$ cat coords07.txt   # compact mmCIF, C-alpha atoms
# COMPACT_ATOMS: atom_id res chain seq x y z
CA GLY A 297 106.76 56.76 99.64
CA ALA A 298 108.89 56.66 96.54
CA GLY A 299 110.73 59.78 95.54
CA VAL A 300 111.57 61.12 92.11
CA SER A 301 113.45 58.59 90.04
CA GLN A 302 115.59 59.17 86.96
CA THR A 303 117.05 56.78 84.44
CA PRO A 304 119.71 56.16 83.42
CA SER A 305 121.91 57.37 86.26
CA ASN A 306 124.81 57.73 83.84
CA LYS A 307 124.85 58.10 80.08
CA VAL A 308 127.93 58.27 77.90
CA THR A 309 127.41 59.08 74.26
CA GLU A 310 129.32 60.30 71.27
CA LYS A 311 129.01 63.72 69.78
CA GLY A 312 126.17 63.88 67.29
CA LYS A 313 124.11 61.09 68.83
CA TYR A 314 120.55 61.27 70.16
CA VAL A 315 119.77 60.66 73.83
CA GLU A 316 116.67 60.33 75.97
CA LEU A 317 116.57 60.92 79.70
CA ARG A 318 113.63 59.72 81.74
CA CYS A 319 112.02 61.10 84.88
CA ASP A 320 109.39 59.45 87.05
CA PRO A 321 107.88 62.00 89.47
CA ILE A 322 106.37 61.47 92.88
CA SER A 323 102.91 59.97 92.55
CA GLY A 324 100.23 62.63 92.61
CA HIS A 325 102.55 65.51 91.75
CA THR A 326 101.14 67.48 88.85
CA ALA A 327 104.15 69.69 88.18
CA LEU A 328 107.43 68.40 86.77
CA TYR A 329 110.63 70.36 86.21
CA TRP A 330 113.90 69.78 84.38
CA TYR A 331 117.13 71.48 85.39
CA ARG A 332 120.73 71.14 84.25
CA GLN A 333 123.72 71.42 86.56
CA SER A 334 127.25 71.94 85.34
CA LEU A 335 130.25 71.26 87.57
CA GLY A 336 130.58 73.83 90.34
CA GLN A 337 127.37 75.62 89.43
CA GLY A 338 123.85 75.72 90.75
CA PRO A 339 121.10 74.00 88.77
CA GLU A 340 119.68 75.97 85.85
CA PHE A 341 116.05 75.74 84.81
CA LEU A 342 115.22 74.15 81.47
CA ILE A 343 111.48 73.48 81.27
CA TYR A 344 108.47 72.67 83.42
CA PHE A 345 105.16 70.92 82.90
CA GLN A 346 101.86 71.41 84.62
CA GLY A 347 100.03 68.24 83.73
CA THR A 348 100.77 67.22 80.15
CA GLY A 349 101.59 70.63 78.73
CA ALA A 350 104.88 72.49 78.82
CA ALA A 351 104.03 75.64 80.76
CA ASP A 352 107.45 77.27 80.42
CA ASP A 353 110.26 76.08 78.16
CA SER A 354 112.25 79.31 78.26
CA GLY A 355 115.33 77.59 79.69
CA LEU A 356 115.88 75.15 76.84
CA PRO A 357 119.17 76.26 75.27
CA ASN A 358 118.22 75.58 71.63
CA ASP A 359 115.96 73.49 69.42
CA ARG A 360 118.06 70.36 69.89
CA PHE A 361 116.41 70.02 73.29
CA PHE A 362 112.84 68.83 73.64
CA ALA A 363 110.77 67.33 76.44
CA VAL A 364 107.45 65.55 76.64
CA ARG A 365 105.05 64.37 79.31
CA PRO A 366 102.28 62.70 77.31
CA GLU A 367 100.21 61.27 80.17
CA GLY A 368 100.96 63.84 82.86
CA SER A 369 103.28 61.56 84.80
CA VAL A 370 106.60 60.30 83.35
CA SER A 371 108.60 62.81 81.35
CA THR A 372 111.35 62.34 78.79
CA LEU A 373 113.99 64.92 77.96
CA LYS A 374 115.30 64.43 74.44
CA ILE A 375 118.55 65.83 73.08
CA GLN A 376 119.35 65.61 69.39
CA ARG A 377 122.80 65.88 67.80
CA THR A 378 124.52 66.02 71.16
CA GLU A 379 127.50 68.30 71.63
CA ARG A 380 130.32 68.17 74.18
CA GLY A 381 128.87 71.27 75.82
CA ASP A 382 125.73 69.29 76.69
CA SER A 383 127.72 67.29 79.24
CA ALA A 384 126.18 67.96 82.66
CA VAL A 385 123.95 66.43 85.31
CA TYR A 386 120.31 66.65 84.29
CA LEU A 387 117.99 66.94 87.26
CA CYS A 388 114.30 66.33 87.43
CA ALA A 389 112.02 67.63 90.17
CA SER A 390 108.33 67.40 90.92
CA SER A 391 105.93 69.30 93.12
CA LEU A 392 102.30 68.95 94.10
CA LEU A 393 101.37 72.02 92.07
CA ALA A 394 103.31 74.51 89.97
CA SER A 395 103.25 77.38 92.40
CA SER A 396 105.82 79.48 94.20
CA TYR A 397 104.58 78.03 97.48
CA ASN A 398 105.13 74.35 96.78
CA GLU A 399 108.56 72.89 97.32
CA GLN A 400 110.17 70.88 94.54
CA PHE A 401 111.58 67.44 95.27
CA PHE A 402 114.56 66.41 93.20
CA GLY A 403 115.65 63.11 91.74
CA PRO A 404 119.23 61.80 91.81
CA GLY A 405 119.97 63.12 88.33
CA THR A 406 121.36 61.69 85.12
CA ARG A 407 125.01 62.40 84.44
CA LEU A 408 125.40 62.89 80.68
CA THR A 409 128.86 62.75 79.16
CA VAL A 410 129.28 63.57 75.50
CA LEU A 411 132.61 62.41 74.10
CA ALA B 150 115.85 92.01 87.31
CA GLN B 151 115.97 89.45 90.10
CA LYS B 152 119.33 88.41 91.46
CA VAL B 153 120.41 85.75 93.94
CA THR B 154 123.81 86.13 95.58
CA GLN B 155 125.60 83.67 97.80
CA ALA B 156 128.83 85.54 98.35
CA GLN B 157 130.48 82.80 100.42
CA THR B 158 131.98 80.30 98.00
CA GLU B 159 133.46 77.99 100.61
CA ILE B 160 133.41 77.84 104.40
CA SER B 161 135.47 75.50 106.57
CA VAL B 162 134.70 74.97 110.24
CA VAL B 163 135.65 72.55 112.95
CA GLU B 164 132.95 70.25 114.24
CA LYS B 165 130.69 71.77 116.91
CA GLU B 166 131.25 75.30 115.68
CA ASP B 167 128.22 77.37 114.65
CA VAL B 168 128.19 78.53 111.03
CA THR B 169 126.00 81.00 109.14
CA LEU B 170 125.42 80.91 105.40
CA ASP B 171 124.30 84.09 103.67
CA CYS B 172 121.91 84.61 100.79
CA VAL B 173 120.83 87.94 99.32
CA TYR B 174 117.85 88.08 97.00
CA GLU B 175 117.31 91.32 95.11
CA THR B 176 113.86 91.70 93.64
CA ARG B 177 111.16 94.28 93.08
CA ASP B 178 108.52 91.87 94.35
CA THR B 179 107.13 92.86 97.72
CA THR B 180 106.24 89.33 98.76
CA TYR B 181 108.07 86.19 97.75
CA TYR B 182 109.26 82.80 98.86
CA LEU B 183 112.74 81.42 99.11
CA PHE B 184 113.87 77.81 99.41
CA TRP B 185 117.05 76.32 100.86
CA TYR B 186 118.46 73.08 99.48
CA LYS B 187 121.39 70.93 100.57
CA GLN B 188 123.49 68.95 98.09
CA PRO B 189 125.74 66.43 99.86
CA PRO B 190 128.62 64.69 98.07
CA SER B 191 126.18 62.04 96.86
CA GLY B 192 124.74 64.76 94.58
CA GLU B 193 121.02 64.62 95.35
CA LEU B 194 119.39 67.93 96.20
CA VAL B 195 117.55 67.78 99.52
CA PHE B 196 114.84 70.31 100.38
CA LEU B 197 115.46 71.98 103.76
CA ILE B 198 113.00 74.80 104.23
CA ARG B 199 110.67 77.31 102.59
CA ARG B 200 110.57 80.85 103.94
CA ASN B 201 108.42 83.80 102.93
CA SER B 202 109.32 87.45 102.85
CA PHE B 203 106.49 88.64 105.06
CA ASP B 204 107.65 86.60 108.03
CA GLU B 205 110.73 88.05 109.68
CA GLN B 206 110.61 85.82 112.71
CA ASN B 207 113.44 83.39 113.16
CA GLU B 208 112.55 79.81 112.42
CA ILE B 209 114.27 76.98 114.22
CA SER B 210 114.27 73.30 113.34
CA GLY B 211 116.65 71.24 115.43
CA ARG B 212 120.17 72.53 114.80
CA TYR B 213 118.99 74.67 111.87
CA SER B 214 117.68 78.20 112.09
CA TRP B 215 116.77 80.78 109.50
CA ASN B 216 116.60 84.52 109.73
CA PHE B 217 115.18 86.97 107.19
CA GLN B 218 116.03 90.68 107.23
CA LYS B 219 113.83 92.56 104.82
CA SER B 220 115.87 95.76 104.98
CA THR B 221 118.86 93.99 103.41
CA SER B 222 116.97 91.23 101.51
CA SER B 223 119.08 88.70 103.38
CA PHE B 224 118.00 85.16 104.17
CA ASN B 225 120.58 83.70 106.51
CA PHE B 226 120.86 80.05 107.47
CA THR B 227 122.62 79.03 110.68
CA ILE B 228 123.74 75.55 111.66
CA THR B 229 124.39 75.20 115.39
CA ALA B 230 126.99 72.74 116.64
CA SER B 231 127.97 71.67 113.14
CA GLN B 232 128.67 68.02 112.38
CA VAL B 233 130.73 66.33 109.69
CA VAL B 234 127.49 65.14 108.06
CA ASP B 235 126.57 68.77 107.45
CA SER B 236 129.34 68.96 104.85
CA ALA B 237 127.60 69.79 101.59
CA VAL B 238 126.84 72.57 99.15
CA TYR B 239 123.95 74.73 100.29
CA PHE B 240 121.81 76.59 97.78
CA CYS B 241 119.21 79.26 98.26
CA ALA B 242 116.66 79.38 95.47
CA PRO B 243 113.73 81.74 95.04
CA PRO B 244 110.95 80.90 92.57
CA THR B 245 111.13 83.48 89.77
CA GLY B 246 109.58 84.29 86.43
CA GLY B 247 106.00 83.64 87.30
CA GLY B 248 106.62 81.89 90.57
CA ASN B 249 107.37 78.37 89.46
CA LYS B 250 110.91 77.83 88.29
CA LEU B 251 113.68 78.03 90.86
CA THR B 252 116.64 80.33 90.32
CA PHE B 253 119.58 78.90 92.24
CA GLY B 254 122.44 80.85 93.70
CA THR B 255 125.98 79.65 93.07
CA GLY B 256 125.94 77.77 96.36
CA THR B 257 128.16 77.73 99.43
CA GLN B 258 130.41 74.72 99.97
CA LEU B 259 130.47 73.93 103.69
CA LYS B 260 133.24 71.67 105.00
CA VAL B 261 133.01 70.49 108.58
CA GLU B 262 136.17 68.87 109.87
CA LEU B 263 136.91 66.89 113.00
$ encode --input "coords07.txt" --output "structure tokens"
Amino acid sequence: GAGVSQTPSNKVTEKGKYVELRCDPISGHTALYWYRQSLGQGPEFLIYFQGTGAADDSGLPNDRFFAVRPEGSVSTLKIQRTERGDSAVYLCASSLLASSYNEQFFGPGTRLTVL
Amino acid sequence: AQKVTQAQTEISVVEKEDVTLDCVYETRDTTYYLFWYKQPPSGELVFLIRRNSFDEQNEISGRYSWNFQKSTSSFNFTITASQVVDSAVYFCAPPTGGGNKLTFGTGTQLKVEL
């Protein structure tokens, strides 16, 4: 079956602009996660959804970052007033349920470059 | 506080050698899970295995095997007869903070050469 998909695969923007990153999880997966990976580092947690609600957004770095999942499937990560430090690969993952037992399956990521 | 340590930053081996990757997870939890992921040069994270802390038996899947030692909180991952296609960054990642979000180690870059 289809895996997690993310669009766009690459996004180049200018400092101060607004961007939206999209994630389409595996069908039937109720939990959806966003991570950010900087060069040479492991992914860092940003936020996760169980269904439509954000269950834990403790990893969002500041209020410029926001994510939604209005129908419990596709999610959009939104970044306002982008800064050069936001440049990274943004990874989305989904799992059957949000539990420590269920493995998370990752998408290919969106590489964001802020000039 | 919980802490994930992958002390090996980079390992280089010649094809067909066995290689072991180390992961130490320090936590006050008595039972927990830990996941291993592979990130090849293409960049996509690939799930390899889930292990739990109450099972200290070795697990073998093809050329891969995993060993957990509770006394040292070490989850070790061994690749037997390594191949060039095994070249990747390997991450161990326990679920933390309520059991849902993964906390990744810094990863071990494995390079397998001919």
$ residues_around --input "coords07.txt" --residues "Ser371 (chain A)" --least-positions-apart "2" --cutoff "8 Å" --atoms "all atoms listed in the file" --output "list in words"
Arg318, Cys319, Asp320, Leu328, Ala363, Val364, Arg365, Pro366, Gly368, Ser369 and Leu373 of chain A
$ interface_residues --input "coords07.txt" --of "chain A" --to "chain B" --cutoff "10 Å" --atoms "only C-alpha atoms" --output "PyMOL selection string"
chain A and resi 327+329-331+336-344+351-352+354-355+385+387+389+391+393-405
$ residues_near_point --input "coords07.txt" --point "(119.0, 64.4, 72.8)" --cutoff "8 Å" --atoms "all atoms listed in the file" --output "PyMOL selection string"
chain A and resi 313-316+360-362+373-378
$ write_last_selection --input "coords07.txt" --atoms "C-alpha atoms" --output "short mmCIF file (atom, residue, chain, number, x, y, z; two decimals), keeping the file's coordinate frame"
data_model
loop_
_atom_site.label_atom_id
_atom_site.label_comp_id
_atom_site.auth_asym_id
_atom_site.auth_seq_id
_atom_site.Cartn_x
_atom_site.Cartn_y
_atom_site.Cartn_z
CA LYS A 313 124.11 61.09 68.83
CA TYR A 314 120.55 61.27 70.16
CA VAL A 315 119.77 60.66 73.83
CA GLU A 316 116.67 60.33 75.97
CA ARG A 360 118.06 70.36 69.89
CA PHE A 361 116.41 70.02 73.29
CA PHE A 362 112.84 68.83 73.64
CA LEU A 373 113.99 64.92 77.96
CA LYS A 374 115.30 64.43 74.44
CA ILE A 375 118.55 65.83 73.08
CA GLN A 376 119.35 65.61 69.39
CA ARG A 377 122.80 65.88 67.80
CA THR A 378 124.52 66.02 71.16
#
$ residues_near_point --input "coords07.txt" --point "(134.5, 74.9, 110.8)" --cutoff "12 Å" --atoms "all atoms listed in the file" --output "ChimeraX atom specification"
/B:159-169,228-233,235-236,258-263
$ write_last_selection --input "coords07.txt" --atoms "C-alpha atoms" --output "mmCIF file, in the coordinates of the input"
data_model
loop_
_atom_site.group_PDB
_atom_site.id
_atom_site.type_symbol
_atom_site.label_atom_id
_atom_site.label_comp_id
_atom_site.auth_asym_id
_atom_site.auth_seq_id
_atom_site.Cartn_x
_atom_site.Cartn_y
_atom_site.Cartn_z
ATOM 1 C CA GLU B 159 133.460 77.990 100.610
ATOM 2 C CA ILE B 160 133.410 77.840 104.400
ATOM 3 C CA SER B 161 135.470 75.500 106.570
ATOM 4 C CA VAL B 162 134.700 74.970 110.240
ATOM 5 C CA VAL B 163 135.650 72.550 112.950
ATOM 6 C CA GLU B 164 132.950 70.250 114.240
ATOM 7 C CA LYS B 165 130.690 71.770 116.910
ATOM 8 C CA GLU B 166 131.250 75.300 115.680
ATOM 9 C CA ASP B 167 128.220 77.370 114.650
ATOM 10 C CA VAL B 168 128.190 78.530 111.030
ATOM 11 C CA THR B 169 126.000 81.000 109.140
ATOM 12 C CA ILE B 228 123.740 75.550 111.660
ATOM 13 C CA THR B 229 124.390 75.200 115.390
ATOM 14 C CA ALA B 230 126.990 72.740 116.640
ATOM 15 C CA SER B 231 127.970 71.670 113.140
ATOM 16 C CA GLN B 232 128.670 68.020 112.380
ATOM 17 C CA VAL B 233 130.730 66.330 109.690
ATOM 18 C CA ASP B 235 126.570 68.770 107.450
ATOM 19 C CA SER B 236 129.340 68.960 104.850
ATOM 20 C CA GLN B 258 130.410 74.720 99.970
ATOM 21 C CA LEU B 259 130.470 73.930 103.690
ATOM 22 C CA LYS B 260 133.240 71.670 105.000
ATOM 23 C CA VAL B 261 133.010 70.490 108.580
ATOM 24 C CA GLU B 262 136.170 68.870 109.870
ATOM 25 C CA LEU B 263 136.910 66.890 113.000
#
$ atom_distance --input "coords07.txt" --atom1 "CA of Gly312 (chain A)" --atom2 "CA of Ala384 (chain A)"
15.9 Å
$ residues_around --input "coords07.txt" --residues "Leu317 (chain A)" --least-positions-apart "3" --cutoff "8 Å" --atoms "all atoms listed in the file" --output "list in words"
Gln302, Thr303, Pro304, Thr372, Leu373, Lys374 and Thr406 of chain A
$ atom_distance --input "coords07.txt" --atom1 "CA of Gln157 (chain B)" --atom2 "CA of Leu170 (chain B)"
7.3 Å
$ closest_residue --input "coords07.txt" --among "A:Thr348, A:Thr309, A:Ser301, A:Asn358" --to "Leu408 (chain A)" --atoms "all atoms listed in the file"
A:Thr309
$ atom_distance --input "coords07.txt" --atom1 "CA of Glu367 (chain A)" --atom2 "CA of Ala350 (chain A)"
12.2 Å
$ axis_aligned_box --input "coords07.txt" --around "region 193-197 of chain B" --padding-each-side "3 Å" --output "lines of an AutoDock Vina configuration file"
center_x = 117.9
center_y = 68.3
center_z = 99.6
size_x = 12.2
size_y = 13.4
size_z = 14.4
$ residues_around --input "coords07.txt" --residues "Thr154 (chain B)" --least-positions-apart "6" --cutoff "7 Å" --atoms "only C-alpha atoms" --output "PDB file with C-alpha atoms, in the coordinates of the input"
ATOM      1  CA  CYS B 172     121.910  84.610 100.790  1.00  0.00           C
ATOM      2  CA  VAL B 173     120.830  87.940  99.320  1.00  0.00           C
ATOM      3  CA  TYR B 174     117.850  88.080  97.000  1.00  0.00           C
ATOM      4  CA  GLY B 254     122.440  80.850  93.700  1.00  0.00           C
TER       5      GLY B 254
END
$ residues_around --input "coords07.txt" --residues "Gly381 (chain A)" --least-positions-apart "5" --cutoff "10 Å" --atoms "all atoms listed in the file" --output "ChimeraX atom specification"
/A:311,334,409-411
$ closest_residue --input "coords07.txt" --among "B:Ser202, B:Ala237, B:Ser222, B:Arg212" --to "Val153 (chain B)" --atoms "all atoms listed in the file"
B:Ser222
$ decode --input "coords07.txt" --residues "region 191-257 of chain B" --atoms "C-alpha atoms" --output "PDB file, in the first residue's frame"
ATOM      1  CA  SER B 191      18.329   8.775  -0.035  1.00  0.00           C
ATOM      2  CA  GLY B 192      17.215  10.275   3.303  1.00  0.00           C
ATOM      3  CA  GLU B 193      14.050   8.326   4.099  1.00  0.00           C
ATOM      4  CA  LEU B 194      13.894   6.796   7.560  1.00  0.00           C
ATOM      5  CA  VAL B 195      13.173   3.066   7.414  1.00  0.00           C
ATOM      6  CA  PHE B 196      11.793   1.204  10.430  1.00  0.00           C
ATOM      7  CA  LEU B 197      13.894  -1.860  11.300  1.00  0.00           C
ATOM      8  CA  ILE B 198      12.717  -3.291  14.594  1.00  0.00           C
ATOM      9  CA  ARG B 199      10.926  -2.669  17.882  1.00  0.00           C
ATOM     10  CA  ARG B 200      12.357  -4.179  21.048  1.00  0.00           C
ATOM     11  CA  ASN B 201      11.057  -4.106  24.602  1.00  0.00           C
ATOM     12  CA  SER B 202      13.002  -3.948  27.819  1.00  0.00           C
ATOM     13  CA  PHE B 203      11.494  -7.037  29.391  1.00  0.00           C
ATOM     14  CA  ASP B 204      12.777  -9.334  26.667  1.00  0.00           C
ATOM     15  CA  GLU B 205      16.503  -9.939  26.914  1.00  0.00           C
ATOM     16  CA  GLN B 206      16.590 -12.703  24.351  1.00  0.00           C
ATOM     17  CA  ASN B 207      18.503 -12.049  21.190  1.00  0.00           C
ATOM     18  CA  GLU B 208      16.338 -11.439  18.164  1.00  0.00           C
ATOM     19  CA  ILE B 209      17.526 -12.395  14.720  1.00  0.00           C
ATOM     20  CA  SER B 210      16.102 -11.357  11.374  1.00  0.00           C
ATOM     21  CA  GLY B 211      18.206 -12.412   8.429  1.00  0.00           C
ATOM     22  CA  ARG B 212      21.599 -10.729   8.757  1.00  0.00           C
ATOM     23  CA  TYR B 213      20.348  -8.485  11.573  1.00  0.00           C
ATOM     24  CA  SER B 214      20.350  -9.333  15.248  1.00  0.00           C
ATOM     25  CA  TRP B 215      19.574  -7.350  18.361  1.00  0.00           C
ATOM     26  CA  ASN B 216      20.674  -7.833  21.914  1.00  0.00           C
ATOM     27  CA  PHE B 217      19.415  -6.057  25.032  1.00  0.00           C
ATOM     28  CA  GLN B 218      21.375  -6.030  28.293  1.00  0.00           C
ATOM     29  CA  LYS B 219      19.267  -4.598  31.074  1.00  0.00           C
ATOM     30  CA  SER B 220      22.167  -4.254  33.501  1.00  0.00           C
ATOM     31  CA  THR B 221      23.830  -1.686  31.235  1.00  0.00           C
ATOM     32  CA  SER B 222      20.688  -0.364  29.458  1.00  0.00           C
ATOM     33  CA  SER B 223      22.346  -1.278  26.172  1.00  0.00           C
ATOM     34  CA  PHE B 224      20.486  -2.167  23.003  1.00  0.00           C
ATOM     35  CA  ASN B 225      23.040  -3.430  20.521  1.00  0.00           C
ATOM     36  CA  PHE B 226      22.418  -4.028  16.841  1.00  0.00           C
ATOM     37  CA  THR B 227      24.640  -6.410  14.870  1.00  0.00           C
ATOM     38  CA  ILE B 228      24.835  -6.761  11.111  1.00  0.00           C
ATOM     39  CA  THR B 229      26.419 -10.035  10.004  1.00  0.00           C
ATOM     40  CA  ALA B 230      28.354 -10.200   6.751  1.00  0.00           C
ATOM     41  CA  SER B 231      27.854  -6.516   6.007  1.00  0.00           C
ATOM     42  CA  GLN B 232      27.093  -5.355   2.479  1.00  0.00           C
ATOM     43  CA  VAL B 233      27.615  -2.047   0.717  1.00  0.00           C
ATOM     44  CA  VAL B 234      23.833  -1.518   0.761  1.00  0.00           C
ATOM     45  CA  ASP B 235      23.977  -1.461   4.560  1.00  0.00           C
ATOM     46  CA  SER B 236      25.755   1.895   4.363  1.00  0.00           C
ATOM     47  CA  ALA B 237      23.476   4.342   6.153  1.00  0.00           C
ATOM     48  CA  VAL B 238      22.948   6.223   9.385  1.00  0.00           C
ATOM     49  CA  TYR B 239      21.369   4.063  12.061  1.00  0.00           C
ATOM     50  CA  PHE B 240      19.284   5.607  14.829  1.00  0.00           C
ATOM     51  CA  CYS B 241      17.936   4.134  18.009  1.00  0.00           C
ATOM     52  CA  ALA B 242      14.848   5.904  19.280  1.00  0.00           C
ATOM     53  CA  PRO B 243      12.828   5.204  22.409  1.00  0.00           C
ATOM     54  CA  PRO B 244       9.324   6.653  22.777  1.00  0.00           C
ATOM     55  CA  THR B 245       9.470   9.192  25.613  1.00  0.00           C
ATOM     56  CA  GLY B 246       7.338  11.775  27.347  1.00  0.00           C
ATOM     57  CA  GLY B 247       4.161   9.810  27.600  1.00  0.00           C
ATOM     58  CA  GLY B 248       5.140   7.040  25.252  1.00  0.00           C
ATOM     59  CA  ASN B 249       4.369   8.537  21.889  1.00  0.00           C
ATOM     60  CA  LYS B 250       7.037  10.846  20.557  1.00  0.00           C
ATOM     61  CA  LEU B 251      10.363   9.332  19.560  1.00  0.00           C
ATOM     62  CA  THR B 252      13.594  10.692  20.993  1.00  0.00           C
ATOM     63  CA  PHE B 253      16.355   9.948  18.513  1.00  0.00           C
ATOM     64  CA  GLY B 254      19.991   9.408  19.318  1.00  0.00           C
ATOM     65  CA  THR B 255      22.606  11.251  17.284  1.00  0.00           C
ATOM     66  CA  GLY B 256      22.959   8.246  14.997  1.00  0.00           C
ATOM     67  CA  THR B 257      25.852   6.100  13.854  1.00  0.00           C
TER      68      THR B 257
END
